[in-house]
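*Asks:* Can you keep this structure in mind? I'll have questions shortly.
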Number of protein chains: 2
Amino acid sequence: MAPAAEVAPRILVNGEALGHVSALDRGLGYGDGVFRTLRIEAGQPRWWDEHLARLAEDCARLRLDCPSRDTLERDLSDLAPLPAWGVLRITLTRGEGPRGYRPPFPAHGTRILACWPDPHALPRDNIRARVCDLRLAWQPALAGIKHLNRLEQVMARAEWEDADIDEGILLDRDGRIVCGVSSNLFFWRDDGLHTPALRGCGVAGVTRGRLLRRAVSAGIAVREGEYVLDDLWQAQELMLTNSLTGLRRVARLGEKIWETPVVSPRLRELLDA
Amino acid sequence: MAPAAEVAPRILVNGEALGHVSALDRGLGYGDGVFRTLRIEAGQPRWWDEHLARLAEDCARLRLDCPSRDTLERDLSDLAPLPAWGVLRITLTRGEGPRGYRPPFPAHGTRILACWPDPHALPRDNIRARVCDLRLAWQPALAGIKHLNRLEQVMARAEWEDADIDEGILLDRDGRIVCGVSSNLFFWRDDGLHTPALRGCGVAGVTRGRLLRRAVSAGIAVREGEYVLDDLWQAQELMLTNSLTGLRRVARLGEKIWETPVVSPRLRELLDA
């Protein structure tokens, strides 16, 4: 079934109601920038403080200037009224510069906010996932950052057409589990909650960070480690997190089926509280 | 010394004299596209057939539609007169699509040509290079392609400010030599001409391909292999190639100095013939 046509977003570029950026922008030329995708809930960006914090961290990693909270909130009020439910993407690039990889200094960054009303307010749970063939490259200099170099994710997502499959699980070159194509991964076993450490690849999502902190506060044993597929086959429950969909349990991965929730309802409660 | 201010390029986007692209373009959002940078010489793009061939190959690797030769040549004539000396960048992206990594099908790609007149018609030779700290990630799915995910190159080029240093040499995670930040690498020793194989990273440049073919035709022993820094220290001559600068010999890499050319004049002749 073809998805419903998407409603056009409202877009601000550097605070102006423009739908375009310079063809010489380094975001386009080299993927020289970062982004975040947030859920708009009841007309407000959800987990705003956490997204701002991650945006600032990612900018610092790439030595990009991060716009101030005031600037971003002024943009949000210029986009008002935000939809009751929707999606906000914030993209920050290093802007234009002379030709060549060398980052211009000072850089005049580009700031793009795009806001989509989203009819799919309730993402489905008990999803089906697959293991992707593409292996993520190990690059500690970029690991964790939600940067604009996302061809690996594009190629991984192109691996399947089946609309029943919601997400693909990605491994690194050495067979370690990393994440989903657009989500972070958690699993549960007797000794607690586990998630792959993101030392060489993967995006350290806001929802992942929030769940880790809240689970620890709730007295749950949590571990970031190195895991392989066998760890998933042995897991009592497998879950994926993402800022748009929150926490979702995986009901099926390949041939493996997990019939009933174990901890996902409690973790979702912790996350949403 | 600050570089002279760059003259603004003339730009065509999908054949129109526009300087901008949609803020929703996947080239910007994900780096979902490819590019090439060509030398304009005597008002003509140099090595045009080879660049077209590589563009088509790179598009095929990413399953992007590649514009026809006619389309690109119509763009070129719309940009005419091209400068006597200059630089042409061709960027092809997957264009706009709904949110998410999944590539839209059919895609309506974006085609950008930007042409700069370039006062630096004669690049300097006998250059100085350094070994970069950043290690390239190993990703066979993308190796060789001149795609828009170039943050590694941006970070590597940001490692030095010294205007006397023209290029940085990049190694992979396992210490194998790969390429320069914006060039391919060759070295000469008693048994012939050597260049790193690009199985896991690096861009297979047009100048590299041209030099390999022509050296073989000229009866020179040529090998693509796996090499480490020690191989460079032992080399009789070290050279870098790039479509804008052609072949340049490295006179100094770190503390190592190569006083006189050995084969670079002959190889440059082969390349330019």
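The chains in the structure tokens are called A, B, ... from first to last as shown; in each chain the residues are counted from 1, and the ligands are counted from 1 in the order shown.
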Residues within 12 Å of Arg266 of chain A, please, as JSON, numbers by chain. Count only C-alpha atoms; anything in the same chain fewer than 6 positions from it doesn't count.

*Replies:* {"A": [211, 214, 215, 218, 220, 247, 248, 249, 272, 273]}

*Asks:* Any chance you could export the current selection's C-alpha atoms as a short mmCIF file (atom, residue, chain, number, x, y, z; two decimals), in the first residue's frame?

*Replies:*
data_model
loop_
_atom_site.label_atom_id
_atom_site.label_comp_id
_atom_site.auth_asym_id
_atom_site.auth_seq_id
_atom_site.Cartn_x
_atom_site.Cartn_y
_atom_site.Cartn_z
CA LEU A 211 15.75 5.98 28.85
CA ARG A 214 15.54 7.09 33.90
CA ALA A 215 16.12 3.37 34.08
CA ALA A 218 14.49 3.66 38.82
CA ILE A 220 17.18 -0.95 36.97
CA LEU A 247 9.88 3.04 22.67
CA ARG A 248 8.54 0.16 20.62
CA ARG A 249 8.95 -3.50 21.24
CA ASP A 272 7.09 9.28 29.08
CA ALA A 273 6.72 10.29 32.73
#

*Asks:* Report as CSV: every residue of segment 90-154 of chain A with an atom at most 8 Å from segment 63-86 of chain A, its closest pair of atoms, and their distance in Å to one decimal, counting only C-alpha atoms, with rows sorted by chain and ascending residue number.

*Replies:*
residue,atom,partner,partner_atom,distance
A:Leu92,CA,A:Cys66,CA,7.7
A:Thr93,CA,A:Leu64,CA,7.6
A:Arg94,CA,A:Leu64,CA,6.4
A:Ala107,CA,A:Asp65,CA,7.9
A:Gly109,CA,A:Asp65,CA,7.1
A:Arg111,CA,A:Pro67,CA,8.0
A:Leu113,CA,A:Asp75,CA,7.6
A:Cys115,CA,A:Gly86,CA,7.0
A:Trp116,CA,A:Gly86,CA,5.4
A:Pro117,CA,A:Gly86,CA,4.2
A:Asp118,CA,A:Gly86,CA,4.4
A:Pro119,CA,A:Trp85,CA,7.3
A:Ala121,CA,A:Trp85,CA,6.2

*Asks:* Which residues of chain A are close to chain B, meaning at most 7 Å apart when you count only C-alpha atoms, and how do they look as a ChimeraX atom specification?

*Replies:* /A:6,19-23,27-32,98,101-103,137-139,148-151,153-154,157-158

*Asks:* May I ask for the distance between atom CA of Arg39 of chain A and atom CA of Leu271 of chain A, given in Å to one decimal place?

*Replies:*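 Going from atom CA of Arg39 of chain A over to atom CA of Leu271 of chain A covers 14.0 Å.
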
*Asks:* Neighbouring residues of Arg208 of chain A were defined as those with any atom within 9 Å, considering only C-alpha atoms; residues of the same chain fewer than 6 positions away were excluded. Please report them as a list in words.

*Replies:*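 Those residues are Ser183, Asn184, Leu185, Phe186, Thr195, Leu240, Thr241, Asn242 and Ser243 of chain A.
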
*Asks:* Excluding same-chain residues fewer than 3 positions from Leu198 of chain A, what lies within 10 Å of it counting only C-alpha atoms, as a list in words?

*Replies:*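 In the requested format, the answer is Trp138, Pro140, Ala143, Gly144, Ile145, Ile177, Val178, Cys179, Asn184, Thr195, Cys201, Gly202, Val203, Ala204, Glu224, Gly225 and Glu226 of chain A.
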
*Asks:* When DSSP works through the backbone of this structure, what residues of segment 52-267 of chain A end up as helix (DSSP H, G or I), shown as a PyMOL selection string?

*Replies:* chain A and resi 52-62+69-79+151-157+206-217+229-234+264-267

*Asks:* Any idea what the distance is between atom CA of Ala53 of chain A and atom CA of Asp133 of chain B?

*Replies:* 27.9 Å

*Asks:* Given the choices A:Leu122, A:Ala17, A:Val206, A:Met239, which gets closest to Asp58 of chain A if the distance is worked out from only C-alpha atoms?

*Replies:*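 Comparing A:Leu122, A:Ala17, A:Val206, A:Met239 against Asp58 of chain A, the winner is A:Val206.
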
*Asks:* Can you work out which one of A:Gly205, A:Gly168, A:Gly15, A:Gly175 has the shortest atom-to-atom distance to Gly246 of chain A, counting only C-alpha atoms?

*Replies:*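 Among A:Gly205, A:Gly168, A:Gly15, A:Gly175, it is A:Gly205 that comes nearest to Gly246 of chain A.
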